[in-house]
Amino acid sequence: MTHTIAIVDDHLLIAKALAGIIENFKQFNVLYECENGKALQEKLQIKENIPDIVLLDISMPVMDGFATAQWLREIHPEILIIALSMQDDEQSLIKMIKSGAKGYLLKNVHPAELEKALNALVKNGSYYPDWATSKVFNSLSASAAINTNPINITDREKEFLQYTVTEMGYKEIAEKMFCSPRTVESYRDSLFEKLGLKTRVGLAVYAIKNGFSNA
């Protein structure tokens, strides 16, 4: 079965290069390239232009990756989104996951990993880079293997998890939760221990995967 792909990137050379690489992959075919989210919206008005996957640049003029992902999640939830970025910062990762992306790749990714990501996306429904995956999902698996009893997460910890997918700092989260920053840090540390995680990215992904957020 062949899966169709649309590439959305305002850098024409990068879009064309990605298309050329993907054309060499088995089971994947590039339908077209667009320069921004607005152009993608226009393309998707035609039924034949609806792809299985969108490779979505984050930084674009007119309509950026965050806004485009949110629109796709509402209008075309069946389309799988992989975000493309020049940087591996936690803030962009969290925001793109919350916006609806099911994968995240750096633009300097090796073609072999790109193919691996596309295959994982259609098979498992998601793909995240090694720097996030190894720390998040492997830790969750290890934690689950060690803890045979259900993880007991308090109501306040669940409330805190909802805020981990936002861009708020811990001080701002404390204000929202009507408590001190030290108390928020205690929720964070408690969840780190219970879930076997070490980063806020881990908490954010856990929150989304387990229904503790609106993402």
# chains A, B, ... in the order shown; residues from 1 in each chain; ligands from 1
$ closest_atom_pairs --of "stretch 90-130 of chain A" --to "stretch 13-35 of chain A" --cutoff "9 Å" --atoms "only C-alpha atoms" --output "JSON lines"
{"residue": "A:Lys107", "atom": "CA", "partner": "A:Ile14", "partner_atom": "CA", "distance": 8.5}
{"residue": "A:Pro111", "atom": "CA", "partner": "A:Ile21", "partner_atom": "CA", "distance": 6.9}
{"residue": "A:Leu114", "atom": "CA", "partner": "A:Ile22", "partner_atom": "CA", "distance": 8.3}
{"residue": "A:Glu115", "atom": "CA", "partner": "A:Phe25", "partner_atom": "CA", "distance": 6.8}
{"residue": "A:Leu118", "atom": "CA", "partner": "A:Phe28", "partner_atom": "CA", "distance": 8.4}
{"residue": "A:Asn119", "atom": "CA", "partner": "A:Gln27", "partner_atom": "CA", "distance": 8.8}
$ atom_distance --atom1 "atom CA of A:Asn36" --atom2 "atom CA of A:Gly100"
16.8 Å
$ atom_distance --atom1 "atom CA of A:Asp57" --atom2 "atom CA of A:Lys38"
12.7 Å
$ select_by_dssp --residues "stretch 86-123 of chain A" --states "alpha helix (DSSP H)" --output "list in words"
Glu90, Gln91, Ser92, Leu93, Ile94, Lys95, Met96, Ile97, Lys98, Ser99, Pro111, Ala112, Glu113, Leu114, Glu115, Lys116, Ala117, Leu118, Asn119, Ala120, Leu121, Val122 and Lys123 of chain A
$ closest_residue --among "A:Arg73, A:His110, A:Thr4, A:Val54" --to "A:Ile97" --atoms "only C-alpha atoms"
A:Arg73
